[in-house]
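Here the structure comes first, spelled out in structure tokens, and everything after it is commentary.
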Amino acid sequence: MKFLLELGSEEIPARMQAAAAEQLKTRFVDAMKAAGLAHGAVTADATPRRLWLIADDVAAASEGSAEEVKGPAATAPAQAIEGFLKKTGLAREQLEERETPKGIVLFAVLRREGRTAADILAEAIPQIVTGFAWPKSMRWGAPSQSTASPRWVRPLTGIVALLDGEVVPCSVHGLTSGRETRGHRVHAPEPISITSAASYADQLRAAHVLVSSAERQQIIATRAAELAGEAGLALIPDQGLVAENAGLTEWPVPLLGRFDPDFLSVPREVIVLTMRTNQKYFALSDAAGALAPAFICVANLEATDGGAAIVNGNQRVLSARLSDARFFWEQDLATVRTGGLEAFLPKLNDIVFHEKLGTLADKVERVAALARWLCESGAVPADPALAEKAARLAKADLVSATVGEFPEVQGLIGRYLALAIGEDAAVADAIRDHYKPAGQGDDVPTAPVSVAVALSDKLDTLTGFFRENMPPTGSKDPFALRRQALGVLSILQAAIIRLPLRSLIGEGAIGDQLMDFFADRLKVQQREAGVRHDLIDAVFALGGEDDLVRLLARVKALQAFVETEDGTNLLAGYKRAANILKAAEKDPPPAPPASGRGEGSEAALADALDSALPQAKAAVADERFTDAMAALAALRSPVDGFFEGVMVNDSDPAIRARRLALLARFRDAVHGVADFSRIEG
Amino acid sequence: MILALQSYWGSHGCVILQPYDLEVGAGTFHPATTLRSLGPDHWNACYVQPSRRPSDGRYGENPNRLQHYYQFQVILKPSPPDLIGLYLGSLDAIGIDRAKHDIRFVEDDWESPTLGAWGLGWEVWCDGMEVSQFTYFQQVAGHDCAPVAGELTYGLERLAMYIQGVESIYDLAYNDAGVSYGDVFLKNEQQFSAYNFEAANTERLFQHFKDVSEECRALAARGLPLPAYDQAIKASHIFNLLNARGVISVAERQAYIGRVRDLVKAVADVWVSQSAPLPLAGGAGGGPDGAHLGDPPPTPPARGRGDA
């Protein structure tokens, strides 16, 4: 049997529809499982005015079940048997007597009859509805006299529940289930009586409602691309917008409109943002990739005039919005033409960055000083004056009229304004790019001035919040400090910036805490690149390494090495040596080391160390980490030979002391490259 | 258009009221909405309300923004079944052909920090233009609405522009004898923009804010919430003026909004506690103009309720 459930509602917010359909499905499947009612495939979907679900192959009834309960012995006192009968609700003659090793015991067999699918569904539907969790829900109508009245995302308007074409009678939130629903508000205003789950989609299609969100999306995407093509333009793809429009329409009809090309003087991003966010329009580009003065809107109607009035209306709305945007843009242009971007700066005094970290103007001062220092110290190869200037102007656009209206274009507007008054292009780019990377996959700035400002901005934020004891805790990271730290790491790596991070973030406990935070972020970041976290620990554990570029180079060389056969064996030899040395700490040899180098494999290891130690040391100093690993690799066979041919714990304490000293030299040689004790495996 | 709306909603059981005679940021501030949205009594009303948003002034130079405009407000408590259907009927009544025009309900939840109020609903689009706000009030002045009222706000200038097909508010025909909206209101916009942004004496306004706040509290304490509410409305408008004058910093802004909210709350608490034979309940206050939370669109003037 096929089951259909439709929950009619006033317009459900587009952004909630997909998750709600998913939730409906989950709740249905769970309810059926709990009731033991078998079913086949379940489809759930939504339009603005309904959530619906169809389940195939619903069993006619749930399976009956039987449960056995062991009771007292047949010879038990009457009181005990009475109690058991009361508990099970059975009579004495309904109990079974069974032979057990402990004699004859009474058993109750409790049978539960299977229930019909209609009964189960009638009970499940109200539970599904009352248990539904919306991101925001509301009360409505006369029942809302009580604050405990039903809640739904918007007023619930009807319930269709059909099993094999028959109404499943139930009632919830003051509504009684039936077969009546509504079609398109304009094209099919009369109620529709649904015959069965099988005819649901087609009956609604005839009433100008496409119940499949995928079909609506597909129509929007295809038709919008066609319209663009017919106009000699290209659609700028935007899947999020396709989905949103599909959530706003039951019968989507894309239409092409145009706007006055004069508006193209406004920054492209502002135009696209206005169209997208405020109006849900698709933007179009011309053959050269430039923004075209045209858009595609999606109506929910086959208009009697072919959409002429709708296009005309949308054009006027967009024109009004763009003239407002242009008003702000031109106001900002006038401001910078008379006073430069600096004209905005006094207003930054009015914006609190964080109550403990001062105003944005305070922050800008700190960032500017740090950006200059980064360049002066040679860490970032940019002109210190330019970097300082870029840092000083980087936040200016936050108080511009345009960003006030369109906060999403922060940075972009500052760049356009800077270019408009002939600021250095590197400064303009830095204004735009200093927020980057905004997340994984975002561009990472590499231009020196941008790098200086982006690093300074993030480091200032990080040190500030750590200093005021507001590090992220658990899942709470209200100031996005993890993202900021990751941003710092990405920039250092992408731009190959050698930076003594530790000296920048300060000494003491807070510095330690922040360095650990960076180390953790580095592990998370590198995990995706396949770099082992224990190797990062092994290098960090050496201490004193706060140049993350160098650290990472060392980790990568180390990883390449430990994954070779030489590396694996050397690691095993290291662990053996470390264990022996650790044991010897409790029982140090009572005599000074014997003189001489011993013989055979003992002498061979001493020789190998004599040659490998300076090589490894020099290679590390020159940051030739692969060479350093090669020097260690040369120790592998002498170490193996040593353990095979030599007994460390010789009966002569002086010889034992000499051999222990040799192993200590070996361990120290390895530690010159990385702390192998941190390496797993 | 106003006549058509009044006659439509009148025929659906609304009492037809007149504008409230104080400066308010939106029709919501009329006591017929704010006060009456609290309490158990049934209440259906509609009225025009001139609305002032000092920061939205553009010296008469922007074809879509005004610091003074008109809203048509409908309040229905409890919200009737199929309120959307009723609303669409009102669009038919003012001559919008729904077979030709695309009407859409786009999520827009309303929150007013100054009123301590929120509701869920939509902005209603006609061919992409917001022509109304549609809200199911859930809470006002910190009190749960029981029952819930449905509130509809029509932006009259915007609807008129739509119906008349003009590009600028100032080109709207005010009558059939050649009088335009600009003839009637352009000077107001120019002069009030100058007043709002430049000329208002801020020292005096700060003092007024203090005075009306004290008056509000004193009246509330004397068990006179209606007159107290007037003072709260005034406090809200004075705050809006100070805000337009740019003398309230971002940090202070929240504090001022909080002060107005506290006034409104104090008034509402008194109202709720009074069991009047004609149950008027709840109070309301003003709000900073234009601050439709989280959504400050560069919209033409007569957008829906819009308040803060």
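Ordering of the structure tokens sets the chain letters (A, B, ...); residue numbers start at 1 within each chain; ligands are numbered from 1 in the order shown.
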
Nearby residues (only C-alpha atoms) at most 8 Å from region 548-561 of chain A, same-chain spacing under 6 positions excluded, as JSON, numbers by chain: {"A": [489, 492, 493, 496, 497, 498, 499, 501, 531, 532, 535, 536, 539, 540, 567, 623, 625, 626, 629, 674]}

Grab the residues selected above and save them as an mmCIF file, in the first residue's frame with C-alpha atoms.
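Contents of the output file part.cif:
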```cif
data_model
loop_
_atom_site.group_PDB
_atom_site.id
_atom_site.type_symbol
_atom_site.label_atom_id
_atom_site.label_comp_id
_atom_site.auth_asym_id
_atom_site.auth_seq_id
_atom_site.Cartn_x
_atom_site.Cartn_y
_atom_site.Cartn_z
ATOM 1 C CA LEU A 489 49.291 29.621 9.159
ATOM 2 C CA LEU A 492 52.901 32.091 6.387
ATOM 3 C CA GLN A 493 53.033 28.978 4.236
ATOM 4 C CA ILE A 496 56.758 31.718 2.676
ATOM 5 C CA ILE A 497 57.067 34.199 5.510
ATOM 6 C CA ARG A 498 59.812 33.458 8.030
ATOM 7 C CA LEU A 499 58.597 34.805 11.289
ATOM 8 C CA LEU A 501 56.131 33.898 15.957
ATOM 9 C CA VAL A 531 51.024 15.177 7.583
ATOM 10 C CA ARG A 532 51.172 13.178 10.809
ATOM 11 C CA LEU A 535 55.673 14.255 13.728
ATOM 12 C CA ILE A 536 54.592 17.851 14.251
ATOM 13 C CA VAL A 539 59.560 18.776 16.040
ATOM 14 C CA PHE A 540 57.648 21.159 18.339
ATOM 15 C CA GLY A 567 63.598 5.360 9.062
ATOM 16 C CA GLU A 623 67.765 23.952 6.865
ATOM 17 C CA PHE A 625 66.412 18.735 6.441
ATOM 18 C CA THR A 626 66.451 15.968 3.875
ATOM 19 C CA MET A 629 67.659 12.755 7.596
ATOM 20 C CA ALA A 674 63.476 15.640 16.052
#
```

Could you list, with a cut-off of 7 Å and counting only C-alpha atoms, the residues of chain B near chain A, each shown with its nearest atom pair and the distance in Å rounded to one decimal, rows sorted by chain and ascending number, as CSV?
```
residue,atom,partner,partner_atom,distance
B:Pro40,CA,A:Gln145,CA,6.7
B:Asn64,CA,A:Ala320,CA,6.6
B:Pro78,CA,A:Gly141,CA,5.2
B:Ser79,CA,A:Gly141,CA,4.6
B:Pro80,CA,A:Gly141,CA,5.7
B:Pro81,CA,A:Gly141,CA,6.6
B:Arg98,CA,A:Val186,CA,6.9
B:Ala99,CA,A:Ala303,CA,5.6
B:Lys100,CA,A:Ala303,CA,4.6
B:His101,CA,A:Ile310,CA,5.6
B:Asp102,CA,A:Ala299,CA,6.0
B:Phe105,CA,A:Glu11,CA,6.5
B:Val106,CA,A:Pro13,CA,6.9
B:Glu107,CA,A:Pro13,CA,5.1
B:Leu120,CA,A:Met138,CA,6.9
B:Asp127,CA,A:Ile310,CA,5.1
B:Gly128,CA,A:Asn314,CA,5.2
B:Met129,CA,A:Val317,CA,5.7
B:Tyr136,CA,A:Trp140,CA,7.0
B:Gln138,CA,A:Met138,CA,6.9
B:Ala146,CA,A:Gln145,CA,4.3
B:Pro147,CA,A:Gln145,CA,3.8
B:Val148,CA,A:Trp140,CA,5.4
B:Ser249,CA,A:Asp350,CA,5.8
B:Val250,CA,A:Asp350,CA,6.1
B:Ala251,CA,A:Val352,CA,6.9
B:Pro296,CA,A:Glu405,CA,6.8
B:Pro297,CA,A:Glu405,CA,6.9
B:Pro298,CA,A:Asp324,CA,6.0
B:Thr299,CA,A:Arg321,CA,6.5
```

Kindly provide the residues of region 164-237 of chain B that approach region 22-34 of chain B to within 8 Å, each paired with its closest atom pair and their distance in Å to one decimal, based on only C-alpha atoms, listed by chain and increasing number, as CSV.
```
residue,atom,partner,partner_atom,distance
B:Asp230,CA,B:Leu22,CA,7.7
B:Ile233,CA,B:Val24,CA,6.6
B:Lys234,CA,B:Glu23,CA,7.1
B:Ser236,CA,B:Val24,CA,7.9
B:His237,CA,B:Val24,CA,6.4
```

Residues just named, written with N, CA and C atoms as a PDB file, in the first residue's frame:
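Output saved as part_9.pdb:
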```
ATOM      1  N   ASP B 230       2.233  57.744  25.867  1.00  0.00           N
ATOM      2  CA  ASP B 230       2.519  58.900  25.007  1.00  0.00           C
ATOM      3  C   ASP B 230       3.943  59.392  25.235  1.00  0.00           C
ATOM      4  N   ILE B 233       6.396  57.153  23.556  1.00  0.00           N
ATOM      5  CA  ILE B 233       6.450  57.412  22.112  1.00  0.00           C
ATOM      6  C   ILE B 233       7.341  58.621  21.839  1.00  0.00           C
ATOM      7  N   LYS B 234       7.160  59.652  22.677  1.00  0.00           N
ATOM      8  CA  LYS B 234       7.968  60.859  22.471  1.00  0.00           C
ATOM      9  C   LYS B 234       9.450  60.550  22.679  1.00  0.00           C
ATOM     10  N   SER B 236      10.950  57.851  22.146  1.00  0.00           N
ATOM     11  CA  SER B 236      11.423  57.116  20.978  1.00  0.00           C
ATOM     12  C   SER B 236      11.733  58.060  19.820  1.00  0.00           C
ATOM     13  N   HIS B 237      10.825  59.003  19.576  1.00  0.00           N
ATOM     14  CA  HIS B 237      11.043  59.924  18.456  1.00  0.00           C
ATOM     15  C   HIS B 237      12.237  60.838  18.726  1.00  0.00           C
TER      16      HIS B 237
END
```

In region 36-194 of chain B, DSSP strand (DSSP E) residues written as a ChimeraX atom specification: /B:43-52,68-77,103-107,110-112,117-126,129-140,143-144,150-155

Residues from the last selection, C-alpha atoms, saved as a compact mmCIF listing (two decimals), in the first residue's frame:
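After the write, again36.txt holds the following:
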```
# COMPACT_ATOMS: atom_id res chain seq x y z
CA TRP B 43 -9.86 43.49 18.48
CA ASN B 44 -9.97 44.32 14.79
CA ALA B 45 -8.97 47.74 13.58
CA CYS B 46 -7.52 49.56 10.61
CA TYR B 47 -6.18 53.07 10.18
CA VAL B 48 -3.74 55.27 8.30
CA GLN B 49 -0.68 56.35 10.26
CA PRO B 50 1.81 59.00 9.18
CA SER B 51 5.24 57.71 10.06
CA ARG B 52 8.46 59.59 10.67
CA HIS B 68 7.71 61.20 6.53
CA TYR B 69 5.25 58.90 4.82
CA TYR B 70 2.04 57.00 5.30
CA GLN B 71 1.24 53.49 6.31
CA PHE B 72 -2.06 51.70 6.29
CA GLN B 73 -2.28 49.43 9.26
CA VAL B 74 -4.59 46.48 10.00
CA ILE B 75 -4.61 44.63 13.28
CA LEU B 76 -6.72 41.51 13.79
CA LYS B 77 -6.81 39.74 17.13
CA ILE B 103 2.62 38.17 -5.31
CA ARG B 104 5.11 36.44 -3.07
CA PHE B 105 5.49 35.85 0.66
CA VAL B 106 9.14 36.11 1.59
CA GLU B 107 10.30 35.20 5.10
CA TRP B 110 10.00 41.09 12.80
CA GLU B 111 11.74 42.12 15.97
CA SER B 112 11.61 45.42 17.79
CA ALA B 117 8.46 42.60 20.70
CA TRP B 118 8.76 40.01 17.98
CA GLY B 119 6.70 38.06 15.53
CA LEU B 120 7.00 35.78 12.54
CA GLY B 121 5.78 36.56 9.08
CA TRP B 122 6.72 37.79 5.66
CA GLU B 123 7.34 40.80 3.58
CA VAL B 124 4.89 40.64 0.75
CA TRP B 125 6.32 41.22 -2.70
CA CYS B 126 4.44 42.42 -5.71
CA MET B 129 8.62 45.12 -4.63
CA GLU B 130 7.85 44.94 -0.94
CA VAL B 131 4.32 46.27 -0.61
CA SER B 132 3.37 45.01 2.81
CA GLN B 133 4.60 43.55 6.03
CA PHE B 134 2.68 40.64 7.41
CA THR B 135 3.35 39.56 10.99
CA TYR B 136 1.90 37.22 13.56
CA PHE B 137 2.78 38.97 16.84
CA GLN B 138 4.20 36.56 19.37
CA GLN B 139 5.39 38.90 22.07
CA VAL B 140 4.98 42.59 22.87
CA HIS B 143 4.55 39.73 27.36
CA ASP B 144 3.39 36.72 25.34
CA GLY B 150 -2.10 39.32 12.85
CA GLU B 151 -0.71 42.64 11.71
CA LEU B 152 -0.70 43.92 8.13
CA THR B 153 1.08 47.09 7.11
CA TYR B 154 0.78 48.55 3.65
CA GLY B 155 3.25 51.11 2.37
```

Gln217 (chain A) surroundings by only C-alpha atoms, 10 Å radius, close-in-sequence under 4 positions cut, as a VMD selection string: chain A and resid 212 to 213 221 to 223 239 241 to 247 249 252

Write to file, as a PDB file, in the first residue's frame, the residues of the selection just made, with C-alpha atoms.
```pdb
ATOM      1  CA  SER A 212       9.184  18.167  -6.436  1.00  0.00           C
ATOM      2  CA  SER A 213      11.735  20.755  -5.361  1.00  0.00           C
ATOM      3  CA  ALA A 221      18.282  26.590 -13.834  1.00  0.00           C
ATOM      4  CA  THR A 222      17.470  25.463 -17.356  1.00  0.00           C
ATOM      5  CA  ARG A 223      15.062  28.211 -18.273  1.00  0.00           C
ATOM      6  CA  GLN A 239      23.045  27.083  -7.007  1.00  0.00           C
ATOM      7  CA  LEU A 241      19.874  31.126  -5.553  1.00  0.00           C
ATOM      8  CA  VAL A 242      18.312  28.346  -7.630  1.00  0.00           C
ATOM      9  CA  ALA A 243      17.379  26.517  -4.433  1.00  0.00           C
ATOM     10  CA  GLU A 244      16.069  29.659  -2.779  1.00  0.00           C
ATOM     11  CA  ASN A 245      13.856  30.535  -5.737  1.00  0.00           C
ATOM     12  CA  ALA A 246      12.593  26.958  -5.848  1.00  0.00           C
ATOM     13  CA  GLY A 247      11.608  27.456  -2.206  1.00  0.00           C
ATOM     14  CA  THR A 249       7.659  29.242  -5.940  1.00  0.00           C
ATOM     15  CA  PRO A 252       8.474  28.848 -11.243  1.00  0.00           C
TER      16      PRO A 252
END
```

Test item: residues at most 7 Å from region 453-464 of chain A, only C-alpha atoms, excluding those fewer than 5 positions along its chain, as a ChimeraX atom specification: /A:357,367,370-371,387,390-391,430,434-436,481,484,488,505

Please save N, CA and C atoms of the selected residues as a PDB file, in the first residue's frame.
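Now in again_20.pdb:
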```
ATOM      1  N   LEU A 357      39.179  45.424  24.301  1.00  0.00           N
ATOM      2  CA  LEU A 357      40.265  45.634  23.342  1.00  0.00           C
ATOM      3  C   LEU A 357      40.145  46.970  22.626  1.00  0.00           C
ATOM      4  N   VAL A 367      47.570  47.545  14.561  1.00  0.00           N
ATOM      5  CA  VAL A 367      47.837  46.777  13.348  1.00  0.00           C
ATOM      6  C   VAL A 367      48.843  47.522  12.472  1.00  0.00           C
ATOM      7  N   LEU A 370      52.308  47.080  13.856  1.00  0.00           N
ATOM      8  CA  LEU A 370      52.794  45.713  13.639  1.00  0.00           C
ATOM      9  C   LEU A 370      53.142  45.480  12.167  1.00  0.00           C
ATOM     10  N   ALA A 371      52.316  46.003  11.277  1.00  0.00           N
ATOM     11  CA  ALA A 371      52.574  45.825   9.845  1.00  0.00           C
ATOM     12  C   ALA A 371      53.913  46.478   9.479  1.00  0.00           C
ATOM     13  N   ALA A 387      53.044  49.455   3.869  1.00  0.00           N
ATOM     14  CA  ALA A 387      52.298  48.496   4.684  1.00  0.00           C
ATOM     15  C   ALA A 387      51.569  49.211   5.812  1.00  0.00           C
ATOM     16  N   ALA A 390      48.589  51.013   4.332  1.00  0.00           N
ATOM     17  CA  ALA A 390      47.505  50.073   4.001  1.00  0.00           C
ATOM     18  C   ALA A 390      46.776  49.643   5.264  1.00  0.00           C
ATOM     19  N   ALA A 391      47.541  49.371   6.315  1.00  0.00           N
ATOM     20  CA  ALA A 391      46.914  48.939   7.573  1.00  0.00           C
ATOM     21  C   ALA A 391      46.032  50.050   8.138  1.00  0.00           C
ATOM     22  N   ALA A 430      45.549  45.414  -0.596  1.00  0.00           N
ATOM     23  CA  ALA A 430      45.666  45.001   0.807  1.00  0.00           C
ATOM     24  C   ALA A 430      44.387  45.313   1.572  1.00  0.00           C
ATOM     25  N   HIS A 434      42.980  41.928   3.188  1.00  0.00           N
ATOM     26  CA  HIS A 434      43.484  41.682   4.538  1.00  0.00           C
ATOM     27  C   HIS A 434      42.533  40.830   5.373  1.00  0.00           C
ATOM     28  N   TYR A 435      41.283  40.691   4.923  1.00  0.00           N
ATOM     29  CA  TYR A 435      40.360  39.809   5.642  1.00  0.00           C
ATOM     30  C   TYR A 435      40.609  38.345   5.281  1.00  0.00           C
ATOM     31  N   LYS A 436      41.345  38.122   4.214  1.00  0.00           N
ATOM     32  CA  LYS A 436      41.506  36.763   3.701  1.00  0.00           C
ATOM     33  C   LYS A 436      42.600  36.008   4.442  1.00  0.00           C
ATOM     34  N   LEU A 481      38.473  32.740  16.370  1.00  0.00           N
ATOM     35  CA  LEU A 481      39.928  32.763  16.550  1.00  0.00           C
ATOM     36  C   LEU A 481      40.587  31.568  15.868  1.00  0.00           C
ATOM     37  N   GLN A 484      41.091  32.589  12.420  1.00  0.00           N
ATOM     38  CA  GLN A 484      42.162  33.586  12.323  1.00  0.00           C
ATOM     39  C   GLN A 484      43.535  32.909  12.398  1.00  0.00           C
ATOM     40  N   VAL A 488      46.525  32.767   9.638  1.00  0.00           N
ATOM     41  CA  VAL A 488      47.935  33.108   9.829  1.00  0.00           C
ATOM     42  C   VAL A 488      48.818  31.987   9.269  1.00  0.00           C
ATOM     43  N   ILE A 505      54.199  37.082  19.754  1.00  0.00           N
ATOM     44  CA  ILE A 505      53.010  36.913  20.587  1.00  0.00           C
ATOM     45  C   ILE A 505      53.330  37.013  22.060  1.00  0.00           C
TER      46      ILE A 505
END
```

From A:Leu273, A:Glu96, A:Ser196, A:Ala73, residue lying nearest Phe3 (chain A) [only C-alpha atoms]: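 Answer, going by the shortest atom-to-atom distance: A:Ser196.
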
Residues within 9 Å of Leu570 (chain A), only C-alpha atoms, excluding chain neighbours under 6 positions, as a list in words: Val562, Leu632, Ala633, Leu635, Arg636, Ser637, Val639 and Asp640 of chain A

Exercise: Leu256 (chain A) partners within 9 Å, only C-alpha atoms, chain neighbours under 2 positions left out, as a list of chain:residue names: A:Ala224, A:Leu227, A:Ala228, A:Ala231, A:Pro254, A:Arg258, A:Ala294, A:Phe295, A:Ile296, A:Cys297, A:Val298, A:Val311

Can I get the selection written as a PDB file, in the first residue's frame, with N, CA and C atoms?
```pdb
ATOM      1  N   ALA A 224      16.472  29.718 -16.982  1.00  0.00           N
ATOM      2  CA  ALA A 224      17.264  30.938 -16.784  1.00  0.00           C
ATOM      3  C   ALA A 224      18.445  30.949 -17.756  1.00  0.00           C
ATOM      4  N   LEU A 227      17.092  31.745 -21.254  1.00  0.00           N
ATOM      5  CA  LEU A 227      16.767  33.161 -21.428  1.00  0.00           C
ATOM      6  C   LEU A 227      18.033  33.987 -21.610  1.00  0.00           C
ATOM      7  N   ALA A 228      19.052  33.667 -20.803  1.00  0.00           N
ATOM      8  CA  ALA A 228      20.311  34.392 -20.922  1.00  0.00           C
ATOM      9  C   ALA A 228      20.887  34.196 -22.321  1.00  0.00           C
ATOM     10  N   ALA A 231      19.378  36.158 -25.027  1.00  0.00           N
ATOM     11  CA  ALA A 231      19.752  37.576 -24.994  1.00  0.00           C
ATOM     12  C   ALA A 231      21.231  37.769 -25.313  1.00  0.00           C
ATOM     13  N   PRO A 254      10.903  31.724 -14.830  1.00  0.00           N
ATOM     14  CA  PRO A 254      11.985  32.719 -14.950  1.00  0.00           C
ATOM     15  C   PRO A 254      11.677  33.746 -16.038  1.00  0.00           C
ATOM     16  N   ARG A 258      15.910  44.046 -17.532  1.00  0.00           N
ATOM     17  CA  ARG A 258      17.128  44.832 -17.769  1.00  0.00           C
ATOM     18  C   ARG A 258      17.188  46.033 -16.847  1.00  0.00           C
ATOM     19  N   ALA A 294      21.450  43.410 -16.954  1.00  0.00           N
ATOM     20  CA  ALA A 294      20.255  42.586 -17.088  1.00  0.00           C
ATOM     21  C   ALA A 294      20.195  41.616 -15.919  1.00  0.00           C
ATOM     22  N   PHE A 295      19.036  41.012 -15.730  1.00  0.00           N
ATOM     23  CA  PHE A 295      18.874  40.070 -14.615  1.00  0.00           C
ATOM     24  C   PHE A 295      17.788  39.078 -14.959  1.00  0.00           C
ATOM     25  N   ILE A 296      17.746  38.014 -14.178  1.00  0.00           N
ATOM     26  CA  ILE A 296      16.637  37.075 -14.323  1.00  0.00           C
ATOM     27  C   ILE A 296      15.954  36.930 -12.979  1.00  0.00           C
ATOM     28  N   CYS A 297      14.647  37.183 -12.981  1.00  0.00           N
ATOM     29  CA  CYS A 297      13.870  36.969 -11.773  1.00  0.00           C
ATOM     30  C   CYS A 297      12.997  35.745 -11.994  1.00  0.00           C
ATOM     31  N   VAL A 298      12.506  35.182 -10.919  1.00  0.00           N
ATOM     32  CA  VAL A 298      11.676  33.982 -11.042  1.00  0.00           C
ATOM     33  C   VAL A 298      10.307  34.281 -10.459  1.00  0.00           C
ATOM     34  N   VAL A 311       7.907  41.841 -15.288  1.00  0.00           N
ATOM     35  CA  VAL A 311       9.253  42.304 -15.641  1.00  0.00           C
ATOM     36  C   VAL A 311       9.358  43.802 -15.402  1.00  0.00           C
TER      37      VAL A 311
END
```

Every residue of region 388-499 of chain A that DSSP places in helix (DSSP H, G or I), as a count of residues only: 70

Which of A:Pro169, A:Gly158, A:Gly8, A:Gly36 sits closest to Glu113 (chain A) [using only C-alpha atoms]: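 Of all the options, A:Gly36 lies closest to Glu113 (chain A).
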